[in-house]
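Notes to accompany the following structure.
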Amino acid sequence: MSAVVSTEGVGFRYGGVPVLSGVTLGVEAGSMLAVTGPNGSGKSTLLHLLAGVESPTEGRVRRAGGARLSLLPQRTSDIDALPLTVAECVRIGRFRPLRRLGRADRLAADTMLDRLGLADLAGRRLRELSGGQRQRTLLAQALVQDAEVYVLDEPTAALDAASRQRVHELLAERRAAGAAMVLASHDAAESALADELLTLG
Ligand SMILES: Nc1ncnc2c1ncn2[C@@H]1O[C@H](COP(=O)(O)OP(=O)(O)OP(=O)(O)O)[C@@H](O)[C@H]1O
């Protein structure tokens, strides 16, 4: 089977400073790659390259034609300044250009709120959430998207054990439905869920 997302000899520099070099990987439909490594080893940078947020300074990143990608970034403090509720933030995951949200989109968003234990917080503003509630909201926005590839940067870092379990169940369902997954993680138990491990640094 061919990879949904892959890199070939990828390198990246911030200014002149090398952060990544010679990274070659491929993730097939229904499989998961865990990216590990110490702080500053380039995990977030690699995920940004896969998502097209940054372009490599060497090598190439490829995505299968038409494959939609959903990204959960790690640094998202800017979003707190927006006057959004939890429910609105999750529905944004279903937005498509020039198309209104339909019944199926609302249902998907409501189901995701429920699955991540957010239903009671649906009307709350983002800035009024705890760290774990906020993380679950952003995860819900990422996982409610209809994508072939999910790129998740430390998805459960701020979560308690029960929430982490719920997220892992959702990831397993997306994989079983054929999605490719890449996740950055510091947690050995979480990385063990993956088919492949890439250790940076
Ligand atoms: N915008 C930037 N400008 C310059 N250097 C940066 C920038 N963003 C990250 N870096 C540097 O690039 C390196 C890799 O950072 P990155 O965030 O990818 O690491 P990480 O493995 O995800 O770390 P963590 O485990 O702390 O999340 C670090 O040395 C960091 O200081």
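Naming works like this for the structure tokens: A, B, ... for the chains as they're shown, residue 1 at the start of each chain, ligands 1 onward in shown order.
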Counting only C-alpha atoms and all ligand atoms, which residues of chain A sit at most 9 Å from some atom of ligand 1, and what is each one's closest atom pair with its distance in Å to one decimal, listed by chain and rising residue number, as a tab-separated table?
```
residue	atom	partner	partner_atom_place_in_ligand_line	distance
A:Arg13	CA	ligand 1	12 (O)	8.0
A:Tyr14	CA	ligand 1	4 (C)	4.9
A:Gly15	CA	ligand 1	4 (C)	7.0
A:Val17	CA	ligand 1	5 (N)	7.6
A:Pro18	CA	ligand 1	12 (O)	8.0
A:Val19	CA	ligand 1	13 (C)	5.3
A:Leu20	CA	ligand 1	14 (C)	8.0
A:Val35	CA	ligand 1	21 (O)	8.8
A:Thr36	CA	ligand 1	21 (O)	7.6
A:Gly37	CA	ligand 1	21 (O)	6.2
A:Pro38	CA	ligand 1	25 (O)	5.5
A:Asn39	CA	ligand 1	25 (O)	3.3
A:Gly40	CA	ligand 1	19 (O)	3.5
A:Ser41	CA	ligand 1	21 (O)	3.9
A:Gly42	CA	ligand 1	18 (O)	3.2
A:Lys43	CA	ligand 1	21 (O)	3.8
A:Ser44	CA	ligand 1	22 (O)	3.7
A:Thr45	CA	ligand 1	18 (O)	3.7
A:Leu46	CA	ligand 1	18 (O)	6.5
A:Leu47	CA	ligand 1	18 (O)	8.1
A:His48	CA	ligand 1	18 (O)	8.4
A:Gln74	CA	ligand 1	27 (O)	7.4
A:Arg75	CA	ligand 1	27 (O)	9.0
A:Asp153	CA	ligand 1	22 (O)	7.9
A:Glu154	CA	ligand 1	27 (O)	7.8
A:Ala184	CA	ligand 1	22 (O)	7.6
A:Ser185	CA	ligand 1	25 (O)	8.0
A:His186	CA	ligand 1	25 (O)	7.3
A:Leu200	CA	ligand 1	21 (O)	7.6
A:Gly201	CA	ligand 1	21 (O)	8.2
```
Write the selection just made, keeping N, CA and C atoms, as a short mmCIF file (atom, residue, chain, number, x, y, z; two decimals), in the first residue's frame?
```
data_model
loop_
_atom_site.label_atom_id
_atom_site.label_comp_id
_atom_site.auth_asym_id
_atom_site.auth_seq_id
_atom_site.Cartn_x
_atom_site.Cartn_y
_atom_site.Cartn_z
N ARG A 13 15.58 24.34 8.74
CA ARG A 13 16.38 25.29 9.53
C ARG A 13 15.52 26.48 9.89
N TYR A 14 15.66 26.94 11.13
CA TYR A 14 15.08 28.24 11.52
C TYR A 14 16.22 29.24 11.39
N GLY A 15 16.10 30.16 10.42
CA GLY A 15 17.24 31.02 10.10
C GLY A 15 18.34 30.08 9.62
N VAL A 17 19.78 27.91 11.68
CA VAL A 17 19.95 26.86 12.69
C VAL A 17 19.22 25.57 12.27
N PRO A 18 19.97 24.48 12.08
CA PRO A 18 19.30 23.23 11.67
C PRO A 18 18.50 22.62 12.82
N VAL A 19 17.27 22.22 12.50
CA VAL A 19 16.39 21.60 13.50
C VAL A 19 16.15 20.13 13.14
N LEU A 20 15.98 19.88 11.83
CA LEU A 20 15.76 18.51 11.36
C LEU A 20 16.66 18.27 10.17
N VAL A 35 5.78 10.16 16.92
CA VAL A 35 7.04 10.89 16.87
C VAL A 35 7.42 11.26 18.30
N THR A 36 8.59 10.79 18.74
CA THR A 36 9.03 11.08 20.10
C THR A 36 10.39 11.78 20.05
N GLY A 37 10.87 12.15 21.23
CA GLY A 37 12.16 12.83 21.31
C GLY A 37 12.10 13.89 22.37
N PRO A 38 13.24 14.33 22.86
CA PRO A 38 13.24 15.32 23.94
C PRO A 38 12.71 16.69 23.50
N ASN A 39 12.44 17.57 24.45
CA ASN A 39 12.02 18.94 24.15
C ASN A 39 13.01 19.57 23.19
N GLY A 40 12.47 20.21 22.17
CA GLY A 40 13.33 20.92 21.22
C GLY A 40 13.93 20.05 20.14
N SER A 41 13.54 18.77 20.08
CA SER A 41 14.16 17.87 19.08
C SER A 41 13.52 18.03 17.70
N GLY A 42 12.43 18.77 17.59
CA GLY A 42 11.87 19.06 16.27
C GLY A 42 10.55 18.35 15.97
N LYS A 43 9.88 17.82 16.98
CA LYS A 43 8.63 17.09 16.74
C LYS A 43 7.55 18.02 16.14
N SER A 44 7.35 19.17 16.80
CA SER A 44 6.32 20.09 16.30
C SER A 44 6.69 20.59 14.90
N THR A 45 7.97 20.84 14.70
CA THR A 45 8.42 21.32 13.39
C THR A 45 8.10 20.28 12.32
N LEU A 46 8.38 19.00 12.62
CA LEU A 46 8.10 17.94 11.64
C LEU A 46 6.59 17.86 11.35
N LEU A 47 5.77 17.98 12.38
CA LEU A 47 4.32 17.93 12.17
C LEU A 47 3.85 19.11 11.32
N HIS A 48 4.45 20.27 11.55
CA HIS A 48 4.09 21.45 10.73
C HIS A 48 4.49 21.23 9.27
N GLN A 74 0.23 22.40 18.70
CA GLN A 74 0.52 22.44 20.13
C GLN A 74 0.33 23.85 20.69
N ARG A 75 0.79 24.85 19.92
CA ARG A 75 0.74 26.23 20.43
C ARG A 75 -0.44 26.96 19.83
N ASP A 153 -0.42 17.06 17.66
CA ASP A 153 0.77 17.39 18.44
C ASP A 153 0.45 17.28 19.93
N GLU A 154 1.01 16.28 20.57
CA GLU A 154 0.80 16.01 22.00
C GLU A 154 -0.68 16.10 22.38
N ALA A 184 2.70 13.38 17.89
CA ALA A 184 3.88 13.64 18.71
C ALA A 184 3.49 13.36 20.13
N SER A 185 4.37 12.68 20.86
CA SER A 185 4.03 12.32 22.23
C SER A 185 5.27 12.12 23.08
N HIS A 186 5.13 12.48 24.37
CA HIS A 186 6.19 12.20 25.34
C HIS A 186 5.82 10.98 26.17
N LEU A 200 13.30 11.46 17.40
CA LEU A 200 14.14 12.57 16.93
C LEU A 200 15.16 12.92 18.01
N GLY A 201 16.18 13.66 17.60
CA GLY A 201 17.17 14.18 18.55
C GLY A 201 18.13 13.10 18.96
#
```
> Where in range 14-99 of chain A does DSSP assign strand (DSSP E or B), given as number ranges by chain?
Replying inline: A: 14, 17-28, 32-36, 58-63, 69-72, 85, 96, 99
> Contacts of Arg136 in chain A at 8 Å or less, counting only C-alpha atoms, minus same-chain residues fewer than 6 places along, as a ChimeraX atom specification?
Replying inline: /A:116,118,159
Show me, as a Markdown table, the residues of range 46-95 of chain A having an atom within 8 Å of range 106-113 of chain A, each with the closest atom pair and its distance in Å, using only C-alpha atoms.
```
| residue | atom | partner | partner_atom | distance |
| --- | --- | --- | --- | --- |
| A:Ala87 | CA | A:Leu113 | CA | 7.4 |
| A:Val90 | CA | A:Ala109 | CA | 6.0 |
| A:Arg91 | CA | A:Ala109 | CA | 5.6 |
| A:Arg94 | CA | A:Ala109 | CA | 7.8 |
```
>> Taking only C-alpha atoms into account, name the residue in A:Ser2, A:Thr137, A:Ser130, A:Ser163 that is nearest to Ala29 in chain A.
In response: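 Looking at the shortest contact to Ala29 in chain A, the residue is A:Ser2.
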>> Env of Ala67 in chain A: 8 Å cut, atoms = only C-alpha atoms, seq-sep filter 6 positions within chain, self excluded. Answer as a PyMOL selection string.
In response: chain A and resi 4+147-149
Write the residues of the preceding selection, restricted to N, CA and C atoms, as a compact mmCIF listing (two decimals), in the first residue's frame.
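part.txt, freshly written:
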```txt
# COMPACT_ATOMS: atom_id res chain seq x y z
N VAL A 4 -0.10 7.70 2.59
CA VAL A 4 -1.02 8.85 2.42
C VAL A 4 -0.22 10.13 2.60
N ALA A 147 -11.22 13.73 7.60
CA ALA A 147 -9.89 13.82 7.00
C ALA A 147 -9.33 12.43 6.75
N GLU A 148 -8.39 12.35 5.84
CA GLU A 148 -7.69 11.09 5.58
C GLU A 148 -6.43 10.99 6.44
N VAL A 149 -5.94 12.15 6.91
CA VAL A 149 -4.74 12.18 7.75
C VAL A 149 -4.99 13.10 8.94
```
Quick one: residues within 9 Å of Cys89 in chain A, only C-alpha atoms, excluding same-chain residues fewer than 4 positions away - as a PDB file with C-alpha atoms, in the first residue's frame?
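Okay, around_32.pdb is ready:
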```pdb
ATOM      1  CA  LEU A  84     -15.964  31.610  20.511  1.00  0.00           C
ATOM      2  CA  THR A  85     -17.903  29.094  22.562  1.00  0.00           C
ATOM      3  CA  GLY A  93     -13.993  21.695  12.243  1.00  0.00           C
ATOM      4  CA  LEU A 126     -12.742  29.297  25.313  1.00  0.00           C
ATOM      5  CA  THR A 137     -12.179  21.298  22.777  1.00  0.00           C
ATOM      6  CA  LEU A 138      -9.310  21.691  20.317  1.00  0.00           C
ATOM      7  CA  ALA A 140     -12.793  17.751  19.273  1.00  0.00           C
ATOM      8  CA  GLN A 141     -12.326  20.357  16.529  1.00  0.00           C
TER       9      GLN A 141
END
```
>> So that I can check the surroundings of Ala172 in chain A, please list as a list of chain:residue names every protein, DNA and RNA residue that reaches within 10 Å of it, counting only C-alpha atoms and ignoring chain neighbours fewer than 6 positions away.
In response: A:Gly30, A:Ser31, A:Met32, A:Arg166, A:Gly178, A:Ala179, A:Met181, A:Leu193
